[in-house]
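Reading through the structure tokens given below for one structure.
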Amino acid sequence: MFLLLPFDSLVVNLLGISITVLFTLLLVFIIVPAIFGVSFGIRKVYMKTLLKIFQWATLRIERGAKEKNHPLYKPYVNGIIAKEPTSLEEEIKEIRRSGSGKALDTPEFELSDIFYFCRKGIETIMDDEVTKRFSAEELESWNLLSRTNYNFQYISLRLTVLWGLGVLIRYCFLLPLRIALAFTGISLLVTGTTVVGYLPNGRCKEFLSKHVHLMCYRICVRALTAIITYHDRENRPRNGGICVANHTSPIDVIILASDGYYAMVGQIHGGLMGVIQRAMVKACPHVWFERSEVKDRHLVAKRLTEHVQDKSKLPILIFPEGTCINNTSVMMFKKGSFEIGATVYPVAIKYDPQFGDAFWNSSKYGMVTYLLRMMTSWAIVCSVWYLPPMTRQPEEDAVQFANRVKSAIARQGGLVDLLWDGGLKREKVKDAFKEEQQKLYSKMIVGNHEDRSRS
């Protein structure tokens, strides 16, 4: 009887059965566990399996490269130029001694000093420690994705078949599954926060809002097959404080919000993001700014101060770098978040690039393209460390406090601590940076001249 059905009816029946099975699996193994915050351990088994496949593929490629006498490329983790942590004065002294044999304080100016600045300029062009923070982190092993280490241009037939199988799994199975989960999570977030928003203020509304947010963010985390390890959870941010973290990706928000309850700070958007923001603010006191207000630093500081002074309000989640950095470094923190006198709860986030590149290069990819890259990666694996709370010391200004917090985050996350402003991603170097080097050199020359005049 089944074989006598028309072909169209057979296709429709098969499609209906497939969709029913898919949503049943989503409900039983992903959505329900996300609601209760539990895991069956399937993602960890999946991660360990991938690691074994990556290791085998890397060894196979390296062996094939050696058989064909292909040179193996090793990424420069610490830069392509070896640099010693010496001062301007010490380096110029060394150049003068090696060039003329004269002491540093003999002349006021020597032509050989020019070579120091020429060398520094060439080093910066060859090994720019700022620009390379906005490109994908280089891998030492192959992860069967298109973006990979230069070693792996050589691919054997078996590895080509394995790569093709990976493409089918990621695009034909994982991508539809993840899109369905993301749609479910966002729909529940908008619907749930809108309904909760109509409730009167009180403990019941706060309880429901918290669990609706957590549930929806956990579903969105599973939409990326995110495997997150949280450390030192006793240091999680508390009400009336500010949570600051290094910034690699827009998904940093859901990574943190799936383990805690935060008030978000950001600019008001239109479109789908605007719909989500308007629904969220009904259930939770998020701090959204108009585009014109964001430029008013005093207004922003006032709104944040009013929020943190109310100890019953949620901790504010802020990314002080102001832009995404490629998971290797922490760049300058904007001082605004550190001027308002609140307790700061630092958080370090470190992604494992073996399973997928979480860095968002906004100058190269739009949001839709970026999310597509995330959803077609193998997984998003990261570690989150909650650091002990920090407060501003009496002798510190806001910049010094920001640098102290930044150093603590970099040290815990194994990241490079840089003083450069992440705004250099799109802007030219400020004149202040150039003038700083000029002042150091002139101070050295003038200082030597004044010392000789006194003697």
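Ordering of the structure tokens sets the chain letters (A, B, ...), residue numbers begin anew at 1 in every chain, and ligands are numbered from 1 in the order given.
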
Spatial neighbours of stretch 243-246 of chain A, 7 Å, only C-alpha atoms, chain gap at least 3 places, as a list in words: Pro237, Pro315, Ile316, Leu317, Ile318, Phe319, Pro320, Glu321, Val330, Val344, Tyr345, Pro346, Val347, Ala348 and Ile349 of chain A

Residues just named, written with all heavy atoms as a compact mmCIF listing (two decimals), in the first residue's frame:
```txt
# COMPACT_ATOMS: atom_id res chain seq x y z
N PRO A 237 30.15 38.21 39.12
CA PRO A 237 29.72 39.58 39.45
C PRO A 237 28.43 39.60 40.26
O PRO A 237 27.54 38.77 40.08
CB PRO A 237 29.52 40.21 38.07
CG PRO A 237 30.41 39.43 37.17
CD PRO A 237 30.39 38.03 37.69
N PRO A 315 24.44 43.59 37.86
CA PRO A 315 25.74 44.09 37.42
C PRO A 315 25.73 44.42 35.94
O PRO A 315 25.08 43.74 35.14
CB PRO A 315 26.68 42.91 37.71
CG PRO A 315 25.80 41.71 37.74
CD PRO A 315 24.49 42.18 38.30
N ILE A 316 26.43 45.47 35.58
CA ILE A 316 26.50 45.90 34.18
C ILE A 316 27.62 45.15 33.48
O ILE A 316 28.72 45.01 34.02
CB ILE A 316 26.74 47.42 34.09
CG1 ILE A 316 25.58 48.19 34.70
CG2 ILE A 316 26.96 47.85 32.67
CD1 ILE A 316 25.77 49.69 34.72
N LEU A 317 27.35 44.67 32.27
CA LEU A 317 28.36 43.97 31.46
C LEU A 317 28.93 44.94 30.43
O LEU A 317 28.19 45.48 29.60
CB LEU A 317 27.74 42.76 30.78
CG LEU A 317 28.66 41.96 29.85
CD1 LEU A 317 29.88 41.45 30.59
CD2 LEU A 317 27.90 40.82 29.19
N ILE A 318 30.24 45.17 30.50
CA ILE A 318 30.91 46.13 29.61
C ILE A 318 32.18 45.50 29.04
O ILE A 318 32.89 44.77 29.73
CB ILE A 318 31.27 47.43 30.37
CG1 ILE A 318 30.00 48.15 30.83
CG2 ILE A 318 32.10 48.36 29.50
CD1 ILE A 318 30.27 49.41 31.63
N PHE A 319 32.47 45.82 27.78
CA PHE A 319 33.72 45.43 27.13
C PHE A 319 34.51 46.70 26.86
O PHE A 319 34.29 47.37 25.84
CB PHE A 319 33.44 44.66 25.84
CG PHE A 319 32.63 43.42 26.06
CD1 PHE A 319 31.26 43.40 25.80
CD2 PHE A 319 33.23 42.26 26.53
CE1 PHE A 319 30.52 42.26 26.00
CE2 PHE A 319 32.49 41.11 26.74
CZ PHE A 319 31.13 41.10 26.49
N PRO A 320 35.45 47.05 27.75
CA PRO A 320 36.09 48.38 27.70
C PRO A 320 37.02 48.59 26.51
O PRO A 320 37.40 49.72 26.24
CB PRO A 320 36.90 48.44 29.00
CG PRO A 320 36.37 47.34 29.87
CD PRO A 320 35.88 46.30 28.93
N GLU A 321 37.40 47.51 25.80
CA GLU A 321 38.27 47.70 24.63
C GLU A 321 37.53 48.43 23.51
O GLU A 321 38.16 49.10 22.69
CB GLU A 321 38.78 46.35 24.13
CG GLU A 321 39.83 45.72 25.02
CD GLU A 321 40.10 44.28 24.64
OE1 GLU A 321 39.17 43.46 24.71
OE2 GLU A 321 41.26 43.97 24.31
N VAL A 330 45.10 41.67 24.85
CA VAL A 330 44.15 42.62 25.44
C VAL A 330 44.70 44.01 25.18
O VAL A 330 45.85 44.31 25.50
CB VAL A 330 43.99 42.41 26.96
CG1 VAL A 330 42.93 43.36 27.51
CG2 VAL A 330 43.60 40.98 27.27
N VAL A 344 34.61 46.60 40.45
CA VAL A 344 34.80 46.02 39.12
C VAL A 344 35.07 44.52 39.28
O VAL A 344 35.90 44.10 40.09
CB VAL A 344 35.98 46.70 38.38
CG1 VAL A 344 36.31 45.94 37.10
CG2 VAL A 344 35.62 48.15 38.07
N TYR A 345 34.35 43.73 38.49
CA TYR A 345 34.53 42.28 38.48
C TYR A 345 35.17 41.88 37.15
O TYR A 345 34.48 41.78 36.13
CB TYR A 345 33.18 41.57 38.66
CG TYR A 345 32.53 41.82 39.99
CD1 TYR A 345 31.74 42.94 40.21
CD2 TYR A 345 32.72 40.93 41.04
CE1 TYR A 345 31.14 43.17 41.44
CE2 TYR A 345 32.12 41.15 42.29
CZ TYR A 345 31.34 42.27 42.47
OH TYR A 345 30.75 42.50 43.70
N PRO A 346 36.49 41.65 37.13
CA PRO A 346 37.15 41.30 35.86
C PRO A 346 36.84 39.86 35.45
O PRO A 346 36.72 38.97 36.29
CB PRO A 346 38.64 41.47 36.19
CG PRO A 346 38.70 42.16 37.52
CD PRO A 346 37.45 41.80 38.23
N VAL A 347 36.73 39.66 34.14
CA VAL A 347 36.51 38.33 33.57
C VAL A 347 37.43 38.15 32.38
O VAL A 347 37.51 39.03 31.51
CB VAL A 347 35.04 38.14 33.13
CG1 VAL A 347 34.87 36.78 32.47
CG2 VAL A 347 34.09 38.26 34.32
N ALA A 348 38.14 37.04 32.34
CA ALA A 348 39.02 36.71 31.21
C ALA A 348 38.36 35.62 30.37
O ALA A 348 37.91 34.60 30.90
CB ALA A 348 40.38 36.26 31.71
N ILE A 349 38.31 35.85 29.05
CA ILE A 349 37.73 34.88 28.12
C ILE A 349 38.80 34.47 27.11
O ILE A 349 39.41 35.33 26.48
CB ILE A 349 36.52 35.47 27.36
CG1 ILE A 349 35.49 36.04 28.34
CG2 ILE A 349 35.88 34.42 26.47
CD1 ILE A 349 34.35 36.78 27.66
```

Close residues, A:Trp56 itself excluded, 12 Å, only C-alpha atoms, min 3 positions apart in chain, as a list in words: Thr49, Leu50, Leu51, Lys52, Ile53, Leu59, Arg60, Ile61, Glu62, Arg63, Ser141, Trp142, Asn143, Leu144, Arg158, Leu159 and Leu162 of chain A

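Among the candidates A:Tyr46, A:Tyr351, A:Trp385, A:Tyr217, the residue lying nearest to A:Glu234 is A:Trp385 (atoms considered: only C-alpha atoms).
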
For A:Leu418, the nearest of the candidates A:Ile169, A:Val287, A:Ile325, A:Ala301, counting only C-alpha atoms: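 Using only C-alpha atoms, the shortest distance to A:Leu418 belongs to A:Ile325.
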
Selection: 9 Å around A:Ser383, only C-alpha atoms, excl. self and same-chain fewer than 6 positions, as a count of residues only: 11

Among the residues A:Asn326, A:Leu214, A:Thr343, A:Ser442, the one that comes closest to A:Asp357 [using only C-alpha atoms]: A:Asn326

Sel. of strand (DSSP E) residues, stretch 179-422 of chain A, as an MDAnalysis selection string: chainID A and resid 226:231 242:245 263:267 287:289 316:318 329:330 344:352 380:386 416:417

Residue contacts of A:Cys220 (10 Å, only C-alpha atoms) excluding same-chain residues fewer than 3 positions away, as a list in words: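 These residues fall inside the cut-off: Ile31, Ala34, Arg178, Ile179, Leu181, Ala182, Phe183, Thr184, Gly185, Ile186, Leu189, Leu214, Met215, Cys216, Tyr217, Ala223, Leu224, Thr225, Ala226, Ile251, Ile254, Ile255 and Ser258 of chain A.
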
Who sits within 12 Å of A:Pro394, only C-alpha atoms, same chain under 5 positions skipped, as a VMD selection string: chain A and resid 341 400 to 401

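The closest residue to A:Phe36, picked from A:Gly271, A:Ala402, A:His211, A:Ser337 and counting only C-alpha atoms, is A:His211.
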
One-decimal distance in Å that lies between atom CA of A:His269 and atom CA of A:Tyr370: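 Rounded to one decimal, the two atoms are 18.2 Å apart.
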
Members of stretch 215-361 of chain A assigned helix (DSSP H, G or I) by DSSP, as a ChimeraX atom specification: /A:215-223,233-235,252-257,271-283,291-294,297-309,335-338

What would the file look like if the residues just selected were written as a PDB file, in the first residue's frame with C-alpha atoms?
```pdb
ATOM      1  CA  MET A 215      17.165  29.662  29.284  1.00  0.00           C
ATOM      2  CA  CYS A 216      17.263  31.542  25.980  1.00  0.00           C
ATOM      3  CA  TYR A 217      20.990  32.322  26.159  1.00  0.00           C
ATOM      4  CA  ARG A 218      21.733  28.664  26.914  1.00  0.00           C
ATOM      5  CA  ILE A 219      19.750  27.623  23.858  1.00  0.00           C
ATOM      6  CA  CYS A 220      21.713  30.143  21.759  1.00  0.00           C
ATOM      7  CA  VAL A 221      24.970  28.781  23.194  1.00  0.00           C
ATOM      8  CA  ARG A 222      23.967  25.312  22.049  1.00  0.00           C
ATOM      9  CA  ALA A 223      23.173  26.762  18.622  1.00  0.00           C
ATOM     10  CA  ARG A 233      32.474  30.843  39.882  1.00  0.00           C
ATOM     11  CA  GLU A 234      32.468  32.115  43.456  1.00  0.00           C
ATOM     12  CA  ASN A 235      33.832  35.394  41.984  1.00  0.00           C
ATOM     13  CA  ASP A 252      31.039  37.038  24.297  1.00  0.00           C
ATOM     14  CA  VAL A 253      27.703  38.355  25.538  1.00  0.00           C
ATOM     15  CA  ILE A 254      25.873  35.028  25.384  1.00  0.00           C
ATOM     16  CA  ILE A 255      28.969  33.176  26.661  1.00  0.00           C
ATOM     17  CA  LEU A 256      28.799  35.208  29.899  1.00  0.00           C
ATOM     18  CA  ALA A 257      25.019  35.658  30.064  1.00  0.00           C
ATOM     19  CA  GLY A 271      15.677  45.884  12.636  1.00  0.00           C
ATOM     20  CA  LEU A 272      15.759  42.504  14.378  1.00  0.00           C
ATOM     21  CA  MET A 273      18.280  43.690  16.965  1.00  0.00           C
ATOM     22  CA  GLY A 274      15.989  46.589  17.824  1.00  0.00           C
ATOM     23  CA  VAL A 275      13.043  44.230  18.342  1.00  0.00           C
ATOM     24  CA  ILE A 276      15.160  42.105  20.705  1.00  0.00           C
ATOM     25  CA  GLN A 277      16.374  45.170  22.642  1.00  0.00           C
ATOM     26  CA  ARG A 278      12.873  46.566  23.107  1.00  0.00           C
ATOM     27  CA  ALA A 279      11.603  43.207  24.351  1.00  0.00           C
ATOM     28  CA  MET A 280      14.544  42.684  26.731  1.00  0.00           C
ATOM     29  CA  VAL A 281      14.296  46.102  28.364  1.00  0.00           C
ATOM     30  CA  LYS A 282      10.673  45.413  29.340  1.00  0.00           C
ATOM     31  CA  ALA A 283      11.751  42.564  31.606  1.00  0.00           C
ATOM     32  CA  ARG A 291      23.295  57.130  18.743  1.00  0.00           C
ATOM     33  CA  SER A 292      23.615  60.815  19.674  1.00  0.00           C
ATOM     34  CA  GLU A 293      23.829  59.993  23.395  1.00  0.00           C
ATOM     35  CA  VAL A 294      26.696  57.522  23.007  1.00  0.00           C
ATOM     36  CA  ARG A 297      30.643  60.718  27.643  1.00  0.00           C
ATOM     37  CA  HIS A 298      29.241  62.623  30.630  1.00  0.00           C
ATOM     38  CA  LEU A 299      25.685  61.435  29.957  1.00  0.00           C
ATOM     39  CA  VAL A 300      26.852  57.828  29.640  1.00  0.00           C
ATOM     40  CA  ALA A 301      28.828  58.102  32.901  1.00  0.00           C
ATOM     41  CA  LYS A 302      25.787  59.616  34.657  1.00  0.00           C
ATOM     42  CA  ARG A 303      23.475  56.808  33.532  1.00  0.00           C
ATOM     43  CA  LEU A 304      25.977  54.138  34.576  1.00  0.00           C
ATOM     44  CA  THR A 305      26.583  55.810  37.948  1.00  0.00           C
ATOM     45  CA  GLU A 306      22.856  55.936  38.674  1.00  0.00           C
ATOM     46  CA  HIS A 307      22.589  52.250  37.824  1.00  0.00           C
ATOM     47  CA  VAL A 308      25.463  50.982  40.005  1.00  0.00           C
ATOM     48  CA  GLN A 309      24.442  53.148  42.979  1.00  0.00           C
ATOM     49  CA  LYS A 335      38.662  54.735  31.198  1.00  0.00           C
ATOM     50  CA  GLY A 336      34.945  55.663  31.325  1.00  0.00           C
ATOM     51  CA  SER A 337      33.882  52.454  33.073  1.00  0.00           C
ATOM     52  CA  PHE A 338      36.531  52.976  35.750  1.00  0.00           C
TER      53      PHE A 338
END
```

Between atom CA of A:Arg133 and atom CA of A:Cys118 - distance in Å to one decimal: 23.4 Å

Computed interatomic separation between atom CA of A:Lys406 and atom CA of A:Gly241 (Å):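 Spanning atom CA of A:Lys406 to atom CA of A:Gly241 is a straight-line distance of 16.8 Å.
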
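If only C-alpha atoms are the atoms counted, then among A:Ile30, A:Tyr171, A:Val384, A:Phe207 the closest residue to A:Arg43 is A:Ile30.
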
Selection: 6 Å around A:Trp288, only C-alpha atoms, excl. self and same-chain fewer than 5 positions, as a PyMOL selection string: chain A and resi 265-268

Please write the residues from the selection above to a file, keeping C-alpha atoms, as a JSON list (two decimals), in the first residue's frame.
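Produced file selection-v1.json, reproduced below:
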```
[["chain", "number", "residue", "atom", "x", "y", "z"],
["A", 265, "VAL", "CA", 24.85, 48.43, 27.93],
["A", 266, "GLY", "CA", 24.75, 49.39, 24.28],
["A", 267, "GLN", "CA", 23.51, 51.55, 21.47],
["A", 268, "ILE", "CA", 19.91, 51.31, 20.29]]
```
